[in-house]
Amino acid sequence: MRKRLIIQMGMGVDQHGQDPTVAAARAVRDAIAYNALLGIWEVAGLDDPNQMIVEVKVAVPYPEQVRKEEVLAMLPFGHQSITVESGGMVVQGRAIPELLNDKSDEMLVAIAAVTVSVETD
């Protein structure tokens, strides 16, 4: 039986570049940045961090453009899966194409939920 132990939230922004993958990856990194999952090891009795099941859900503008493998690369271990859906936010910023290669003045905001589960007997 699968038991969820942790759900962590994060937010990520791509201010220049208009790349939803960048915003999504930053949201996942934000969600996991300040965590040490020692309790999972001790309580669940894991031998290997890859025994954890890590499910990512990201809401971002232009979800069809997200390169899922790059977002999952933010995770150091675990059996990983990702769901990407439309959401987040588009905010009008300032385009600086000559210095930052902006394609438009859009800033993309993504939110992520990272759930860590384990299989139990």
# chains A, B, ... in the order shown; residues from 1 in each chain; ligands from 1
>>> residues_around(residues="Leu108 of chain A", least_positions_apart="4", cutoff="7 Å", atoms="only C-alpha atoms", output="list in words")
Val13, Asp14, Gln15, Gln18, Pro20, Ala23, Pro61, Met89, Val90 and Val91 of chain A
>>> write_last_selection(atoms="N, CA and C atoms", output="short mmCIF file (atom, residue, chain, number, x, y, z; two decimals), in the first residue's frame")
data_model
loop_
_atom_site.label_atom_id
_atom_site.label_comp_id
_atom_site.auth_asym_id
_atom_site.auth_seq_id
_atom_site.Cartn_x
_atom_site.Cartn_y
_atom_site.Cartn_z
N VAL A 13 9.76 31.40 -11.08
CA VAL A 13 9.50 32.46 -12.05
C VAL A 13 10.59 32.45 -13.11
N ASP A 14 10.19 32.66 -14.36
CA ASP A 14 11.14 33.00 -15.43
C ASP A 14 10.81 34.43 -15.84
N GLN A 15 11.63 35.37 -15.37
CA GLN A 15 11.39 36.79 -15.63
C GLN A 15 11.81 37.20 -17.03
N GLN A 18 10.92 33.73 -21.06
CA GLN A 18 9.58 33.24 -21.37
C GLN A 18 9.56 31.73 -21.60
N PRO A 20 8.45 28.24 -19.95
CA PRO A 20 7.71 27.61 -18.86
C PRO A 20 8.48 26.48 -18.18
N ALA A 23 10.52 28.14 -15.38
CA ALA A 23 9.66 28.49 -14.25
C ALA A 23 9.26 27.24 -13.47
N PRO A 61 1.83 28.53 -17.06
CA PRO A 61 1.34 28.94 -18.37
C PRO A 61 2.04 28.13 -19.47
N MET A 89 0.75 31.89 -13.60
CA MET A 89 0.39 33.27 -13.89
C MET A 89 1.33 33.84 -14.94
N VAL A 90 0.79 34.73 -15.75
CA VAL A 90 1.60 35.53 -16.67
C VAL A 90 1.50 36.97 -16.18
N VAL A 91 2.65 37.58 -15.93
CA VAL A 91 2.71 38.95 -15.45
C VAL A 91 3.47 39.78 -16.48
#
>>> select_by_dssp(residues="segment 42-93 of chain A", states="strand (DSSP E)", output="ChimeraX atom specification")
/A:53-60,79-86,89-92
>>> residues_around(residues="Asn101 of chain A", least_positions_apart="2", cutoff="12 Å", atoms="only C-alpha atoms", output="number ranges by chain")
A: 15-19, 94-99, 103-105
>>> atom_distance(atom1="atom CA of Arg2 of chain A", atom2="atom CA of Arg26 of chain A")
27.4 Å
>>> residues_around(residues="Ile6 of chain A", least_positions_apart="3", cutoff="10 Å", atoms="only C-alpha atoms", output="mmCIF file with C-alpha atoms, in the first residue's frame")
data_model
loop_
_atom_site.group_PDB
_atom_site.id
_atom_site.type_symbol
_atom_site.label_atom_id
_atom_site.label_comp_id
_atom_site.auth_asym_id
_atom_site.auth_seq_id
_atom_site.Cartn_x
_atom_site.Cartn_y
_atom_site.Cartn_z
ATOM 1 C CA LYS A 3 1.413 6.080 1.923
ATOM 2 C CA LEU A 37 13.898 13.665 4.610
ATOM 3 C CA ILE A 40 11.240 8.922 5.870
ATOM 4 C CA VAL A 54 8.235 11.345 -5.818
ATOM 5 C CA ALA A 113 3.466 20.405 -5.370
ATOM 6 C CA VAL A 114 5.963 17.631 -4.707
ATOM 7 C CA THR A 115 4.558 14.579 -2.940
ATOM 8 C CA VAL A 116 6.838 11.947 -1.388
ATOM 9 C CA SER A 117 5.341 8.527 -0.698
#
>>> atom_distance(atom1="atom CA of Met52 of chain A", atom2="atom CA of Val118 of chain A")
5.3 Å
>>> select_by_dssp(residues="segment 3-101 of chain A", states="alpha helix (DSSP H)", output="list in words")
Pro20, Thr21, Val22, Ala23, Ala24, Ala25, Arg26, Ala27, Val28, Arg29, Asp30, Ala31, Ile32, Leu38, Gly39, Ile40, Trp41, Glu42, Val43, Ala44, Lys68, Glu69, Glu70, Val71, Leu72, Pro97, Glu98, Leu99 and Leu100 of chain A
>>> atom_distance(atom1="atom CA of Gly39 of chain A", atom2="atom CA of Val84 of chain A")
28.3 Å
>>> closest_residue(among="A:Tyr62, A:Glu55, A:Trp41, A:Asp47", to="Gly88 of chain A", atoms="only C-alpha atoms")
A:Tyr62
>>> closest_residue(among="A:Ala59, A:Ala31, A:Ala44, A:Ala25", to="Ile7 of chain A", atoms="only C-alpha atoms")
A:Ala31
>>> closest_residue(among="A:Ala112, A:Val28, A:Met11, A:Met1", to="Ala73 of chain A", atoms="only C-alpha atoms")
A:Val28
>>> residues_around(residues="Arg67 of chain A", least_positions_apart="2", cutoff="6 Å", atoms="only C-alpha atoms", output="list of chain:residue names")
A:Thr21, A:Glu69, A:Glu70
>>> write_last_selection(atoms="N, CA and C atoms", output="PDB file, in the first residue's frame")
ATOM      1  N   THR A  21       9.416  25.845 -18.881  1.00  0.00           N
ATOM      2  CA  THR A  21      10.232  24.807 -18.257  1.00  0.00           C
ATOM      3  C   THR A  21      11.107  25.396 -17.169  1.00  0.00           C
ATOM      4  N   GLU A  69      11.441  16.208 -18.645  1.00  0.00           N
ATOM      5  CA  GLU A  69      12.685  15.605 -18.141  1.00  0.00           C
ATOM      6  C   GLU A  69      13.540  16.640 -17.420  1.00  0.00           C
ATOM      7  N   GLU A  70      13.538  17.872 -17.924  1.00  0.00           N
ATOM      8  CA  GLU A  70      14.338  18.931 -17.307  1.00  0.00           C
ATOM      9  C   GLU A  70      13.781  19.327 -15.938  1.00  0.00           C
TER      10      GLU A  70
END
